[in-house]
Amino acid sequence: MTRTSSPPWHHAVVTGGAGFVGSHLCAALLDAGTAVTCVDDFSTGRRENLAALHGRPGFTLVPGDVTAGLAVDRHADLVLHFASPASPADYLRLPLHTLETGSLGTRHALALAHDHGARFVFASTSEVYGDPQQHPQNERYWGHVNPVGPRSVYDEAKRFSEALTTAEADCHGTDAGIVRLFNTYGPRMRGHDGRAVPTFIRQALSGEPLTVTGDGSQTRSLCYVDDTVRGVLAAAADGMRGPVNIGNPVEISMLGLARLVIELTGSASDIRFIDRPADDPAVRCPDITLARDKLGWEPLVAAEDGLRRTIAWFRAQQATA
């Protein structure tokens with residue numbers, strides 16, 4: 001269990017707060033009594049992700065692009081920088097915006113935190129490990145990344161932001177930390193965002209073949225969004241600099257995931273194999289020893305339970321469409 005159950009903040013700024021993980025963070029903070037200012041340019045985030053938050057005491061939405069700057073009048077004591085295209089479909093469509101969000105956007109978010117004397121947490125990613133030659137990946141591993149490949153706009157933006165966050169803490173004393181998120185899934189994902197879980201669920205519920213890349217032997221480690229949010233807030237409250245891995249150390253192959261989704265949805269869909277994308281990692285699994293020992297955090301939601309919840313949410317979306 002996470003040691004910290006009540007975040008000790010009065011007002012948090014969440015960049016990318018209309019995104020998948022960002023919107024869940026906004027909700028969790030509000031539930032804990034923290035006022036939230038959500039900043040999003042809606043290039044990939046969705047207004048419907050915030051539908052349940054509008055009208056709640058303490059919630060403010062500020063439409064804006066973090067690359068153009070951040071102006072928040074009210075004092076903030078926590079800044080969570082989650083703005084960035086995160087799915088392959090998004091960062092391949094918005095390569096320059098992805099790089100700018102991970103450079104200018106991070107600089108502006110760090111400046112806001114420094115000016116307010118706030119705790120800053122940067123949402124990095126397991127993609128900084130690239131196609132890893134160490135397995136599982138711990139935070140001391142430097143990664144194996146193609147700096148000019150198709151995924152590089154996302155990978156290198158995150159790696160640069162990690163360096164910038166570290167330099168800001170060293171040079172200006174900003175209370176800054178880094179969390180590396182592994183394959184998070186759950187309600188509010190978009191069915192066409194290119195990631196395996198929403199793609200497989202959308203295809204299964206529509207009776208389409210599930211498209212597995214390569215031979216499906218490549219693995220991922222799936223962490224349900226509620227667990228990810230607990231881990232992020234635990235790292236924020238602890239004050240650790242990190243980086244710290246937040247993810248589920250239980251691996252599943254993509255072929256195994258496709259078969260599990262078919263089983264849980266009761267779908268009659270077949271599996272169709274397609275070409276594997278360039279630089280697609282063969283394995284991805286976090287070593288979460290640091291999170292367990294330092295934060296008292298580990299994931300609690302098993303894959304089948306999390307997938308059932310996610311499938312139920314996708315079914316409900318279909319019913320109201």
# chains A, B, ... in the order shown; residues from 1 in each chain; ligands from 1
$ select_by_dssp --residues "range 35-160 of chain A" --states "alpha helix (DSSP H)" --output "JSON, numbers by chain"
{"A": [88, 89, 90, 91, 92, 93, 95, 96, 97, 98, 99, 100, 106, 107, 108, 109, 110, 111, 112, 113, 114, 115, 116, 152, 153, 154, 155, 156, 157, 158, 159, 160]}
$ closest_atom_pairs --of "range 226-249 of chain A" --to "range 74-91 of chain A" --cutoff "12 Å" --atoms "only C-alpha atoms" --output "JSON lines"
{"residue": "A:Val229", "atom": "CA", "partner": "A:Leu80", "partner_atom": "CA", "distance": 11.4}
{"residue": "A:Val232", "atom": "CA", "partner": "A:Leu80", "partner_atom": "CA", "distance": 9.1}
{"residue": "A:Leu233", "atom": "CA", "partner": "A:Leu80", "partner_atom": "CA", "distance": 9.5}
{"residue": "A:Ala235", "atom": "CA", "partner": "A:Leu80", "partner_atom": "CA", "distance": 11.1}
{"residue": "A:Ala236", "atom": "CA", "partner": "A:Leu78", "partner_atom": "CA", "distance": 8.1}
{"residue": "A:Ala237", "atom": "CA", "partner": "A:Leu78", "partner_atom": "CA", "distance": 9.5}
{"residue": "A:Gly239", "atom": "CA", "partner": "A:Leu78", "partner_atom": "CA", "distance": 11.0}
$ closest_residue --among "A:Ala157, A:Thr44, A:Val62, A:Gly69" --to "Thr98 in chain A" --atoms "only C-alpha atoms"
A:Ala157
$ atom_distance --atom1 "CA of Asn138 in chain A" --atom2 "CA of Asp287 in chain A"
4.9 Å
$ closest_atom_pairs --of "range 171-246 of chain A" --to "range 296-307 of chain A" --cutoff "10 Å" --atoms "only C-alpha atoms" --output "CSV"
residue,atom,partner,partner_atom,distance
A:Tyr185,CA,A:Gly306,CA,8.1
A:Gly186,CA,A:Gly306,CA,6.9
A:Pro187,CA,A:Gly306,CA,9.4
A:Val197,CA,A:Leu307,CA,8.3
A:Pro198,CA,A:Leu307,CA,9.8
A:Ile201,CA,A:Leu307,CA,8.9
A:Ser221,CA,A:Ala303,CA,9.4
A:Leu222,CA,A:Ala303,CA,7.0
A:Cys223,CA,A:Pro299,CA,7.0
A:Tyr224,CA,A:Gly306,CA,5.8
A:Val225,CA,A:Gly306,CA,8.6
A:Asp226,CA,A:Val301,CA,8.2
A:Asp227,CA,A:Pro299,CA,5.3
A:Thr228,CA,A:Pro299,CA,7.6
A:Arg230,CA,A:Trp297,CA,7.8
A:Gly231,CA,A:Trp297,CA,6.2
A:Val232,CA,A:Trp297,CA,9.7
A:Ala234,CA,A:Trp297,CA,7.5
A:Ala235,CA,A:Trp297,CA,9.1
A:Ile246,CA,A:Glu298,CA,8.1
$ atom_distance --atom1 "CA of Phe120 in chain A" --atom2 "CA of Ala176 in chain A"
4.5 Å
$ residues_around --residues "Glu100 in chain A" --least-positions-apart "3" --cutoff "10 Å" --atoms "only C-alpha atoms" --output "PyMOL selection string"
chain A and resi 66-68+84+95-97+103-107+153+157
$ atom_distance --atom1 "CA of Pro147 in chain A" --atom2 "CA of His172 in chain A"
28.6 Å
